[in-house]
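Engineer: Next comes query_27.txt, compact mmCIF, N, CA and C atoms:
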# COMPACT_ATOMS: atom_id res chain seq x y z
N MET P 1 -69.37 38.46 4.03
CA MET P 1 -68.24 37.98 3.27
C MET P 1 -67.07 37.72 4.24
N PRO P 2 -66.45 36.54 4.20
CA PRO P 2 -65.37 36.24 5.14
C PRO P 2 -64.11 37.05 4.84
N PHE P 3 -63.35 37.30 5.89
CA PHE P 3 -62.11 38.05 5.76
C PHE P 3 -61.10 37.23 4.97
N ASP P 4 -60.44 37.86 4.00
CA ASP P 4 -59.43 37.20 3.17
C ASP P 4 -58.07 37.83 3.46
N LYS P 5 -57.32 37.19 4.34
CA LYS P 5 -56.02 37.70 4.78
C LYS P 5 -55.07 37.91 3.60
N GLU P 6 -54.94 36.92 2.74
CA GLU P 6 -53.99 37.01 1.62
C GLU P 6 -54.36 38.14 0.66
N LYS P 7 -55.64 38.31 0.41
CA LYS P 7 -56.09 39.40 -0.47
C LYS P 7 -55.76 40.76 0.14
N MET P 8 -55.98 40.89 1.46
CA MET P 8 -55.68 42.15 2.14
C MET P 8 -54.19 42.47 2.08
N LEU P 9 -53.35 41.48 2.39
CA LEU P 9 -51.90 41.71 2.37
C LEU P 9 -51.41 42.04 0.97
N ARG P 10 -51.95 41.35 -0.01
CA ARG P 10 -51.57 41.63 -1.41
C ARG P 10 -51.97 43.06 -1.78
N TRP P 11 -53.19 43.47 -1.40
CA TRP P 11 -53.66 44.83 -1.71
C TRP P 11 -52.74 45.86 -1.06
N CYS P 12 -52.43 45.68 0.23
CA CYS P 12 -51.58 46.64 0.96
C CYS P 12 -50.21 46.76 0.32
N ASN P 13 -49.58 45.64 0.03
CA ASN P 13 -48.24 45.67 -0.54
C ASN P 13 -48.25 46.20 -1.97
N ASP P 14 -49.26 45.87 -2.76
CA ASP P 14 -49.36 46.40 -4.13
C ASP P 14 -49.61 47.91 -4.11
N ALA P 15 -50.47 48.37 -3.20
CA ALA P 15 -50.79 49.80 -3.11
C ALA P 15 -49.60 50.63 -2.65
N SER P 16 -48.60 49.99 -2.06
CA SER P 16 -47.43 50.69 -1.54
C SER P 16 -46.39 51.03 -2.61
N LYS P 17 -46.52 50.43 -3.76
CA LYS P 17 -45.53 50.67 -4.82
C LYS P 17 -45.52 52.15 -5.23
N ASN P 18 -44.31 52.70 -5.39
CA ASN P 18 -44.11 54.10 -5.79
C ASN P 18 -44.69 55.10 -4.78
N THR P 19 -44.62 54.75 -3.51
CA THR P 19 -45.12 55.62 -2.44
C THR P 19 -44.06 55.73 -1.33
N LEU P 20 -44.37 56.49 -0.31
CA LEU P 20 -43.49 56.58 0.85
C LEU P 20 -43.28 55.20 1.47
N MET P 21 -44.31 54.37 1.48
CA MET P 21 -44.18 53.04 2.06
C MET P 21 -43.10 52.23 1.36
N GLU P 22 -43.02 52.33 0.04
CA GLU P 22 -41.96 51.63 -0.68
C GLU P 22 -40.59 52.24 -0.34
N THR P 23 -40.52 53.56 -0.27
CA THR P 23 -39.26 54.24 0.08
C THR P 23 -38.75 53.78 1.44
N LEU P 24 -39.65 53.63 2.41
CA LEU P 24 -39.28 53.21 3.76
C LEU P 24 -39.18 51.69 3.89
N GLU P 25 -39.46 50.97 2.81
CA GLU P 25 -39.41 49.50 2.77
C GLU P 25 -40.40 48.87 3.76
N ILE P 26 -41.57 49.48 3.89
CA ILE P 26 -42.62 48.93 4.74
C ILE P 26 -43.22 47.73 4.01
N ASN P 27 -43.37 46.63 4.75
CA ASN P 27 -43.91 45.40 4.20
C ASN P 27 -45.03 44.91 5.11
N TYR P 28 -46.21 44.71 4.54
CA TYR P 28 -47.35 44.21 5.31
C TYR P 28 -47.24 42.69 5.38
N ILE P 29 -47.27 42.15 6.61
CA ILE P 29 -46.96 40.72 6.79
C ILE P 29 -48.07 39.89 7.42
N ASP P 30 -49.02 40.51 8.10
CA ASP P 30 -50.08 39.73 8.75
C ASP P 30 -51.32 40.59 8.89
N ALA P 31 -52.46 39.94 8.90
CA ALA P 31 -53.73 40.65 9.03
C ALA P 31 -54.76 39.72 9.64
N GLY P 32 -55.71 40.32 10.31
CA GLY P 32 -56.84 39.60 10.88
C GLY P 32 -58.06 40.48 10.79
N GLU P 33 -59.15 40.04 11.34
CA GLU P 33 -60.39 40.81 11.21
C GLU P 33 -60.35 42.15 11.92
N ASP P 34 -59.43 42.32 12.88
CA ASP P 34 -59.37 43.59 13.62
C ASP P 34 -57.94 44.09 13.81
N PHE P 35 -56.99 43.61 13.00
CA PHE P 35 -55.61 44.07 13.13
C PHE P 35 -54.87 43.94 11.80
N LEU P 36 -53.78 44.71 11.70
CA LEU P 36 -52.89 44.65 10.54
C LEU P 36 -51.46 44.85 11.05
N VAL P 37 -50.51 44.12 10.46
CA VAL P 37 -49.12 44.14 10.91
C VAL P 37 -48.21 44.45 9.72
N ALA P 38 -47.24 45.34 9.97
CA ALA P 38 -46.25 45.68 8.94
C ALA P 38 -44.88 45.80 9.59
N THR P 39 -43.84 45.58 8.79
CA THR P 39 -42.47 45.72 9.26
C THR P 39 -41.77 46.84 8.50
N MET P 40 -40.69 47.35 9.11
CA MET P 40 -39.84 48.36 8.47
C MET P 40 -38.41 48.15 8.96
N PRO P 41 -37.44 48.04 8.04
CA PRO P 41 -36.06 47.91 8.48
C PRO P 41 -35.54 49.23 9.05
N VAL P 42 -34.69 49.11 10.05
CA VAL P 42 -34.03 50.28 10.64
C VAL P 42 -32.60 50.29 10.12
N ASN P 43 -32.30 51.31 9.33
CA ASN P 43 -30.99 51.46 8.69
C ASN P 43 -30.79 52.95 8.44
N PRO P 44 -29.67 53.37 7.87
CA PRO P 44 -29.44 54.81 7.67
C PRO P 44 -30.55 55.52 6.89
N ARG P 45 -31.31 54.81 6.09
CA ARG P 45 -32.41 55.41 5.32
C ARG P 45 -33.47 56.04 6.23
N VAL P 46 -33.64 55.50 7.44
CA VAL P 46 -34.67 56.00 8.36
C VAL P 46 -34.07 56.59 9.64
N HIS P 47 -32.76 56.88 9.62
CA HIS P 47 -32.10 57.46 10.79
C HIS P 47 -32.26 58.98 10.84
N GLN P 48 -32.18 59.51 12.04
CA GLN P 48 -31.99 60.94 12.25
C GLN P 48 -30.48 61.16 12.35
N PRO P 49 -29.99 62.40 12.44
CA PRO P 49 -28.55 62.66 12.42
C PRO P 49 -27.72 61.95 13.49
N MET P 50 -28.31 61.55 14.60
CA MET P 50 -27.57 60.86 15.66
C MET P 50 -27.46 59.36 15.40
N GLY P 51 -27.96 58.90 14.25
CA GLY P 51 -27.84 57.48 13.90
C GLY P 51 -28.89 56.59 14.52
N LEU P 52 -30.01 57.18 14.94
CA LEU P 52 -31.11 56.43 15.56
C LEU P 52 -32.35 56.51 14.68
N LEU P 53 -33.26 55.58 14.87
CA LEU P 53 -34.54 55.59 14.16
C LEU P 53 -35.22 56.95 14.35
N HIS P 54 -35.54 57.60 13.26
CA HIS P 54 -36.19 58.90 13.28
C HIS P 54 -37.64 58.72 13.74
N GLY P 55 -38.08 59.57 14.67
CA GLY P 55 -39.46 59.50 15.14
C GLY P 55 -40.45 59.68 14.01
N GLY P 56 -40.11 60.49 13.03
CA GLY P 56 -41.00 60.69 11.89
C GLY P 56 -41.16 59.43 11.07
N ALA P 57 -40.11 58.62 10.97
CA ALA P 57 -40.22 57.35 10.26
C ALA P 57 -41.14 56.40 11.01
N SER P 58 -41.04 56.41 12.33
CA SER P 58 -41.96 55.58 13.14
C SER P 58 -43.40 56.03 12.95
N VAL P 59 -43.62 57.33 12.93
CA VAL P 59 -44.97 57.86 12.74
C VAL P 59 -45.48 57.51 11.33
N ALA P 60 -44.61 57.59 10.33
CA ALA P 60 -45.01 57.21 8.97
C ALA P 60 -45.40 55.74 8.92
N LEU P 61 -44.65 54.88 9.62
CA LEU P 61 -45.01 53.46 9.69
C LEU P 61 -46.36 53.29 10.37
N ALA P 62 -46.56 53.97 11.49
CA ALA P 62 -47.82 53.85 12.23
C ALA P 62 -49.00 54.32 11.40
N GLU P 63 -48.87 55.47 10.75
CA GLU P 63 -49.99 55.98 9.95
C GLU P 63 -50.25 55.08 8.74
N SER P 64 -49.19 54.53 8.17
CA SER P 64 -49.36 53.65 7.01
C SER P 64 -50.14 52.39 7.39
N VAL P 65 -49.77 51.76 8.48
CA VAL P 65 -50.44 50.52 8.87
C VAL P 65 -51.85 50.79 9.39
N GLY P 66 -52.02 51.87 10.14
CA GLY P 66 -53.35 52.20 10.66
C GLY P 66 -54.33 52.63 9.58
N SER P 67 -53.85 53.40 8.61
CA SER P 67 -54.74 53.83 7.52
C SER P 67 -55.10 52.65 6.64
N ALA P 68 -54.12 51.80 6.32
CA ALA P 68 -54.41 50.62 5.51
C ALA P 68 -55.39 49.70 6.25
N ALA P 69 -55.26 49.60 7.56
CA ALA P 69 -56.15 48.74 8.34
C ALA P 69 -57.61 49.19 8.24
N SER P 70 -57.85 50.49 8.15
CA SER P 70 -59.22 50.97 8.02
C SER P 70 -59.87 50.50 6.72
N ILE P 71 -59.06 50.22 5.71
CA ILE P 71 -59.61 49.73 4.44
C ILE P 71 -60.38 48.43 4.65
N MET P 72 -60.00 47.65 5.67
CA MET P 72 -60.69 46.39 5.94
C MET P 72 -62.16 46.59 6.27
N PHE P 73 -62.51 47.78 6.75
CA PHE P 73 -63.86 48.04 7.25
C PHE P 73 -64.70 48.93 6.34
N VAL P 74 -64.19 49.27 5.18
CA VAL P 74 -64.94 50.14 4.28
C VAL P 74 -65.08 49.47 2.91
N ASN P 75 -65.92 50.04 2.09
CA ASN P 75 -66.03 49.62 0.70
C ASN P 75 -65.18 50.60 -0.10
N PRO P 76 -63.97 50.18 -0.53
CA PRO P 76 -63.08 51.14 -1.20
C PRO P 76 -63.61 51.67 -2.53
N GLU P 77 -64.63 51.05 -3.08
CA GLU P 77 -65.25 51.58 -4.30
C GLU P 77 -66.15 52.76 -3.99
N ARG P 78 -66.63 52.84 -2.73
CA ARG P 78 -67.55 53.91 -2.35
C ARG P 78 -67.02 54.83 -1.25
N GLN P 79 -65.92 54.42 -0.57
CA GLN P 79 -65.42 55.18 0.57
C GLN P 79 -63.91 55.35 0.50
N GLU P 80 -63.42 56.41 1.15
CA GLU P 80 -62.00 56.69 1.26
C GLU P 80 -61.64 56.87 2.73
N VAL P 81 -60.38 56.60 3.05
CA VAL P 81 -59.87 56.73 4.41
C VAL P 81 -58.89 57.89 4.44
N ARG P 82 -59.02 58.76 5.45
CA ARG P 82 -58.09 59.86 5.64
C ARG P 82 -57.66 59.90 7.10
N GLY P 83 -56.36 59.87 7.33
CA GLY P 83 -55.85 60.07 8.68
C GLY P 83 -56.05 61.52 9.07
N ILE P 84 -56.66 61.76 10.24
CA ILE P 84 -56.90 63.14 10.64
C ILE P 84 -56.15 63.53 11.91
N GLU P 85 -55.68 62.55 12.68
CA GLU P 85 -54.87 62.87 13.86
C GLU P 85 -54.02 61.66 14.21
N ILE P 86 -52.76 61.93 14.55
CA ILE P 86 -51.88 60.87 15.03
C ILE P 86 -51.06 61.41 16.18
N SER P 87 -50.86 60.56 17.18
CA SER P 87 -49.97 60.91 18.29
C SER P 87 -49.03 59.74 18.50
N ALA P 88 -47.84 60.04 18.97
CA ALA P 88 -46.83 59.00 19.16
C ALA P 88 -46.00 59.30 20.40
N ASN P 89 -45.78 58.27 21.17
CA ASN P 89 -44.84 58.32 22.28
C ASN P 89 -43.68 57.40 21.91
N HIS P 90 -42.50 57.99 21.74
CA HIS P 90 -41.30 57.23 21.40
C HIS P 90 -40.62 56.86 22.72
N LEU P 91 -40.56 55.56 22.99
CA LEU P 91 -40.14 55.09 24.31
C LEU P 91 -38.75 54.49 24.34
N LYS P 92 -38.26 54.04 23.20
CA LYS P 92 -36.95 53.39 23.16
C LYS P 92 -36.32 53.71 21.81
N SER P 93 -35.01 53.90 21.80
CA SER P 93 -34.32 54.17 20.53
C SER P 93 -33.89 52.87 19.89
N LYS P 94 -33.55 52.97 18.60
CA LYS P 94 -33.14 51.79 17.83
C LYS P 94 -32.17 52.24 16.76
N LYS P 95 -31.05 51.51 16.60
CA LYS P 95 -30.03 51.86 15.61
C LYS P 95 -30.12 51.03 14.35
N GLU P 96 -30.45 49.75 14.49
CA GLU P 96 -30.49 48.86 13.33
C GLU P 96 -31.40 47.69 13.64
N GLY P 97 -31.75 46.96 12.58
CA GLY P 97 -32.61 45.80 12.74
C GLY P 97 -33.95 46.01 12.07
N MET P 98 -34.99 45.56 12.74
CA MET P 98 -36.34 45.60 12.18
C MET P 98 -37.31 46.02 13.26
N VAL P 99 -38.28 46.84 12.88
CA VAL P 99 -39.39 47.15 13.78
C VAL P 99 -40.67 46.62 13.15
N THR P 100 -41.60 46.26 14.02
CA THR P 100 -42.89 45.71 13.59
C THR P 100 -43.99 46.54 14.21
N ALA P 101 -44.92 46.99 13.37
CA ALA P 101 -46.05 47.79 13.83
C ALA P 101 -47.32 46.96 13.73
N THR P 102 -48.08 46.93 14.81
CA THR P 102 -49.36 46.22 14.83
C THR P 102 -50.45 47.23 15.16
N ALA P 103 -51.38 47.38 14.21
CA ALA P 103 -52.53 48.27 14.40
C ALA P 103 -53.72 47.44 14.86
N LYS P 104 -54.31 47.83 16.00
CA LYS P 104 -55.50 47.16 16.52
C LYS P 104 -56.60 48.19 16.67
N ILE P 105 -57.78 47.83 16.24
CA ILE P 105 -58.92 48.76 16.28
C ILE P 105 -59.36 48.98 17.73
N ILE P 106 -59.60 50.25 18.06
CA ILE P 106 -60.13 50.62 19.36
C ILE P 106 -61.61 51.01 19.21
N HIS P 107 -61.91 51.75 18.14
CA HIS P 107 -63.28 52.19 17.87
C HIS P 107 -63.53 52.11 16.37
N LYS P 108 -64.61 51.44 15.99
CA LYS P 108 -64.97 51.30 14.59
C LYS P 108 -66.36 51.90 14.39
N GLY P 109 -66.40 53.21 14.12
CA GLY P 109 -67.66 53.87 13.85
C GLY P 109 -67.91 53.98 12.35
N ALA P 110 -69.05 54.52 12.00
CA ALA P 110 -69.38 54.69 10.58
C ALA P 110 -68.52 55.74 9.91
N SER P 111 -68.10 56.76 10.66
CA SER P 111 -67.32 57.83 10.05
C SER P 111 -65.94 58.04 10.69
N ILE P 112 -65.68 57.39 11.82
CA ILE P 112 -64.39 57.53 12.52
C ILE P 112 -63.89 56.15 12.95
N HIS P 113 -62.62 55.90 12.68
CA HIS P 113 -61.93 54.71 13.21
C HIS P 113 -60.79 55.19 14.09
N LEU P 114 -60.64 54.55 15.24
CA LEU P 114 -59.54 54.86 16.15
C LEU P 114 -58.69 53.61 16.31
N TRP P 115 -57.37 53.76 16.07
CA TRP P 115 -56.43 52.64 16.09
C TRP P 115 -55.35 52.87 17.13
N GLU P 116 -54.92 51.79 17.79
CA GLU P 116 -53.71 51.80 18.59
C GLU P 116 -52.65 51.05 17.78
N ILE P 117 -51.49 51.66 17.62
CA ILE P 117 -50.41 51.04 16.87
C ILE P 117 -49.21 50.91 17.80
N ARG P 118 -48.80 49.68 18.02
CA ARG P 118 -47.63 49.38 18.85
C ARG P 118 -46.48 49.03 17.91
N ILE P 119 -45.36 49.73 18.06
CA ILE P 119 -44.16 49.44 17.28
C ILE P 119 -43.15 48.82 18.22
N VAL P 120 -42.75 47.59 17.89
CA VAL P 120 -41.82 46.85 18.73
C VAL P 120 -40.59 46.43 17.93
N ASP P 121 -39.52 46.07 18.65
CA ASP P 121 -38.32 45.57 17.98
C ASP P 121 -38.38 44.03 17.92
N GLU P 122 -37.27 43.43 17.52
CA GLU P 122 -37.22 41.97 17.36
C GLU P 122 -37.41 41.22 18.67
N ASN P 123 -37.16 41.90 19.79
CA ASN P 123 -37.30 41.29 21.11
C ASN P 123 -38.62 41.66 21.79
N GLU P 124 -39.55 42.20 20.99
CA GLU P 124 -40.87 42.63 21.49
C GLU P 124 -40.78 43.79 22.47
N LYS P 125 -39.66 44.51 22.46
CA LYS P 125 -39.55 45.72 23.30
C LYS P 125 -40.27 46.86 22.60
N LEU P 126 -41.07 47.60 23.37
CA LEU P 126 -41.88 48.67 22.81
C LEU P 126 -41.00 49.86 22.43
N ILE P 127 -41.01 50.21 21.16
CA ILE P 127 -40.25 51.34 20.63
C ILE P 127 -41.12 52.60 20.65
N SER P 128 -42.33 52.47 20.09
CA SER P 128 -43.27 53.61 20.05
C SER P 128 -44.69 53.09 20.24
N LEU P 129 -45.49 53.92 20.90
CA LEU P 129 -46.91 53.64 21.07
C LEU P 129 -47.66 54.79 20.42
N CYS P 130 -48.49 54.48 19.44
CA CYS P 130 -49.16 55.51 18.65
C CYS P 130 -50.67 55.32 18.68
N LYS P 131 -51.36 56.42 18.42
CA LYS P 131 -52.82 56.41 18.31
C LYS P 131 -53.16 57.17 17.04
N LEU P 132 -53.99 56.58 16.19
CA LEU P 132 -54.36 57.18 14.91
C LEU P 132 -55.88 57.26 14.79
N THR P 133 -56.37 58.43 14.39
CA THR P 133 -57.79 58.61 14.10
C THR P 133 -57.95 58.78 12.60
N ASN P 134 -58.79 57.94 12.00
CA ASN P 134 -59.10 58.03 10.57
C ASN P 134 -60.55 58.47 10.38
N MET P 135 -60.74 59.31 9.39
CA MET P 135 -62.09 59.71 8.99
C MET P 135 -62.46 58.90 7.75
N ILE P 136 -63.69 58.43 7.71
CA ILE P 136 -64.18 57.69 6.55
C ILE P 136 -65.09 58.62 5.77
N LEU P 137 -64.72 58.82 4.49
CA LEU P 137 -65.43 59.76 3.63
C LEU P 137 -66.02 59.06 2.41
N PRO P 138 -67.07 59.65 1.83
CA PRO P 138 -67.55 59.10 0.56
C PRO P 138 -66.48 59.33 -0.51
N ARG P 139 -66.29 58.34 -1.37
CA ARG P 139 -65.30 58.47 -2.45
C ARG P 139 -65.74 59.56 -3.39
N ARG P 140 -64.78 60.41 -3.74
CA ARG P 140 -65.04 61.49 -4.71
C ARG P 140 -64.86 60.94 -6.10
N SER P 141 -65.69 61.38 -7.02
CA SER P 141 -65.58 60.87 -8.39
C SER P 141 -64.50 61.57 -9.18
Spit out the file's structure as structure tokens when you get a sec.
Structural biologist:
Amino acid sequence: MPFDKEKMLRWCNDASKNTLMETLEINYIDAGEDFLVATMPVNPRVHQPMGLLHGGASVALAESVGSAASIMFVNPERQEVRGIEISANHLKSKKEGMVTATAKIIHKGASIHLWEIRIVDENEKLISLCKLTNMILPRRS
């Protein structure tokens, strides 16, 4: 079955309603057979007390895009995705604007997916570099 970019983006954005992704204003904007892209505005809603992008908000963005990306490789009627480990290196601070996270598959196994998520600013400067491991489980009834 061919990859349907519009269907994937619609599913991701619809599934985000009434969740942390909606609270953080994460918007899924692009997808391909081995990647998924989402944006998040940087404003006081995602700041830490010093007025900078909170590292936890960056990690939430990374896990959101990486976990949603694993859905592309499973049958959601029979399988579920669970993030089991995430690491992040925060390399540059940001006060305002927009960040974009791109999840690219590193390893696509039957039970484990490994993703690299690069979070960049509007000038393509690297803000955070993250790695996410997802476990693929049988869907519970």
Engineer: Is there a way to get, as a list in words, all residues within 8 Å of the point (-56.3, 59.0, 3.2) in file coordinates, counting all atoms listed in the file?
Structural biologist: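 Within the cut-off we find Ser67, Glu80, Val81, Arg82, Gly83, Ile84, Asn134 and Met135 of chain P.
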Engineer: How would the residues just picked look written out with N, CA and C atoms as a PDB file, keeping the file's coordinate frame?
Structural biologist:
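To be explicit, this is the file written out as result_22.pdb:
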ATOM      1  N   SER P  67     -53.850  53.400   8.610  1.00  0.00           N
ATOM      2  CA  SER P  67     -54.740  53.830   7.520  1.00  0.00           C
ATOM      3  C   SER P  67     -55.100  52.650   6.640  1.00  0.00           C
ATOM      4  N   GLU P  80     -63.420  56.410   1.150  1.00  0.00           N
ATOM      5  CA  GLU P  80     -62.000  56.690   1.260  1.00  0.00           C
ATOM      6  C   GLU P  80     -61.640  56.870   2.730  1.00  0.00           C
ATOM      7  N   VAL P  81     -60.380  56.600   3.050  1.00  0.00           N
ATOM      8  CA  VAL P  81     -59.870  56.730   4.410  1.00  0.00           C
ATOM      9  C   VAL P  81     -58.890  57.890   4.440  1.00  0.00           C
ATOM     10  N   ARG P  82     -59.020  58.760   5.450  1.00  0.00           N
ATOM     11  CA  ARG P  82     -58.090  59.860   5.640  1.00  0.00           C
ATOM     12  C   ARG P  82     -57.660  59.900   7.100  1.00  0.00           C
ATOM     13  N   GLY P  83     -56.360  59.870   7.330  1.00  0.00           N
ATOM     14  CA  GLY P  83     -55.850  60.070   8.680  1.00  0.00           C
ATOM     15  C   GLY P  83     -56.050  61.520   9.070  1.00  0.00           C
ATOM     16  N   ILE P  84     -56.660  61.760  10.240  1.00  0.00           N
ATOM     17  CA  ILE P  84     -56.900  63.140  10.640  1.00  0.00           C
ATOM     18  C   ILE P  84     -56.150  63.530  11.910  1.00  0.00           C
ATOM     19  N   ASN P 134     -58.790  57.940  12.000  1.00  0.00           N
ATOM     20  CA  ASN P 134     -59.100  58.030  10.570  1.00  0.00           C
ATOM     21  C   ASN P 134     -60.550  58.470  10.380  1.00  0.00           C
ATOM     22  N   MET P 135     -60.740  59.310   9.390  1.00  0.00           N
ATOM     23  CA  MET P 135     -62.090  59.710   8.990  1.00  0.00           C
ATOM     24  C   MET P 135     -62.460  58.900   7.750  1.00  0.00           C
TER      25      MET P 135
END
Engineer: Figure out the distance between atom C of Met21 (chain P) and atom C of Lys95 (chain P), please, to one decimal in Å.
Structural biologist: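 Separation between atom C of Lys95 (chain P) and atom C of Met21 (chain P): 18.4 Å.
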Engineer: Fewer than 2 positions away in the same chain doesn't count, so skip those; otherwise give me all residues within 6 Å of Ala88 (chain P), counting all atoms listed in the file, as a ChimeraX atom specification.
Structural biologist: /P:86,90,129-131
Engineer: Looking at P:Lys104, P:Ala110, P:Leu24, P:Arg118, which one is nearest to Ala68 (chain P), with distances taken over only C-alpha atoms?
Structural biologist: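 Checking each candidate against Ala68 (chain P), we get P:Lys104 as the closest.
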Engineer: Take CA of Ile127 (chain P) and CA of Ala101 (chain P) and report the distance between them in Å, one decimal.
Structural biologist: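 A separation of 9.6 Å between them.
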Engineer: Per DSSP on the backbone, what are the helix (DSSP H, G or I) residues of region 51-80 of chain P, as a CSV table (one decimal) with N, CA and C atoms, keeping the file's coordinate frame?
Structural biologist:
chain,number,residue,atom,x,y,z
P,55,GLY,N,-38.1,59.6,14.7
P,55,GLY,CA,-39.5,59.5,15.1
P,55,GLY,C,-40.4,59.7,14.0
P,56,GLY,N,-40.1,60.5,13.0
P,56,GLY,CA,-41.0,60.7,11.9
P,56,GLY,C,-41.2,59.4,11.1
P,57,ALA,N,-40.1,58.6,11.0
P,57,ALA,CA,-40.2,57.4,10.3
P,57,ALA,C,-41.1,56.4,11.0
P,58,SER,N,-41.0,56.4,12.3
P,58,SER,CA,-42.0,55.6,13.1
P,58,SER,C,-43.4,56.0,13.0
P,59,VAL,N,-43.6,57.3,12.9
P,59,VAL,CA,-45.0,57.9,12.7
P,59,VAL,C,-45.5,57.5,11.3
P,60,ALA,N,-44.6,57.6,10.3
P,60,ALA,CA,-45.0,57.2,9.0
P,60,ALA,C,-45.4,55.7,8.9
P,61,LEU,N,-44.6,54.9,9.6
P,61,LEU,CA,-45.0,53.5,9.7
P,61,LEU,C,-46.4,53.3,10.4
P,62,ALA,N,-46.6,54.0,11.5
P,62,ALA,CA,-47.8,53.8,12.2
P,62,ALA,C,-49.0,54.3,11.4
P,63,GLU,N,-48.9,55.5,10.8
P,63,GLU,CA,-50.0,56.0,10.0
P,63,GLU,C,-50.2,55.1,8.7
P,64,SER,N,-49.2,54.5,8.2
P,64,SER,CA,-49.4,53.6,7.0
P,64,SER,C,-50.1,52.4,7.4
P,65,VAL,N,-49.8,51.8,8.5
P,65,VAL,CA,-50.4,50.5,8.9
P,65,VAL,C,-51.8,50.8,9.4
P,66,GLY,N,-52.0,51.9,10.1
P,66,GLY,CA,-53.4,52.2,10.7
P,66,GLY,C,-54.3,52.6,9.6
P,67,SER,N,-53.8,53.4,8.6
P,67,SER,CA,-54.7,53.8,7.5
P,67,SER,C,-55.1,52.6,6.6
P,68,ALA,N,-54.1,51.8,6.3
P,68,ALA,CA,-54.4,50.6,5.5
P,68,ALA,C,-55.4,49.7,6.2
P,69,ALA,N,-55.3,49.6,7.6
P,69,ALA,CA,-56.2,48.7,8.3
P,69,ALA,C,-57.6,49.2,8.2
P,70,SER,N,-57.8,50.5,8.2
P,70,SER,CA,-59.2,51.0,8.0
P,70,SER,C,-59.9,50.5,6.7
P,71,ILE,N,-59.1,50.2,5.7
P,71,ILE,CA,-59.6,49.7,4.4
P,71,ILE,C,-60.4,48.4,4.6
P,72,MET,N,-60.0,47.6,5.7
P,72,MET,CA,-60.7,46.4,5.9
P,72,MET,C,-62.2,46.6,6.3
P,73,PHE,N,-62.5,47.8,6.8
P,73,PHE,CA,-63.9,48.0,7.2
P,73,PHE,C,-64.7,48.9,6.3
Engineer: What gap, in Å, lies between atom C of Lys108 (chain P) and CA of Glu22 (chain P)?
Structural biologist: 28.7 Å
Engineer: Leaving out Leu132 (chain P) and any residue of its chain fewer than 4 positions from it, which residues lie within 6 Å of it when counting all atoms listed in the file, given as a ChimeraX atom specification?
Structural biologist: /P:85-87,113-117
Engineer: List every residue of chain P that DSSP, applied to the backbone of this structure, assigns to strand (DSSP E), and report them as number ranges by chain.
Structural biologist: P: 27-32, 35-42, 79-90, 97-108, 112-120, 126-138
Engineer: Given the choices P:Val65, P:Ile112, P:Val46, P:Val120, which gets closest to Thr133 (chain P) if the distance is worked out from all atoms listed in the file?
Structural biologist: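 Distance minimum relative to Thr133 (chain P) lands on P:Ile112.
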Engineer: Hey, can I get the axis-aligned box for region 124-137 of chain P? All listed atoms, 8 Å padding on each side, centre and edge lengths in Å to one decimal, as JSON.
Structural biologist:
{"center_x": -52.8, "center_y": 51.0, "center_z": 12.9, "size_x": 42.5, "size_y": 33.6, "size_z": 37.0}
Engineer: Which of these residues is nearest to Val74 (chain P), using only N, CA and C atoms: P:Gly32, P:Glu25, P:Gly56, P:Ile136?
Structural biologist: P:Ile136
Engineer: Between P:Ser111, P:Tyr28, P:Glu33, P:Pro76, which has the minimum distance to Phe3 (chain P) (counting only N, CA and C atoms)?
Structural biologist: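 Once distances to Phe3 (chain P) are computed over only N, CA and C atoms, the minimum belongs to P:Glu33.
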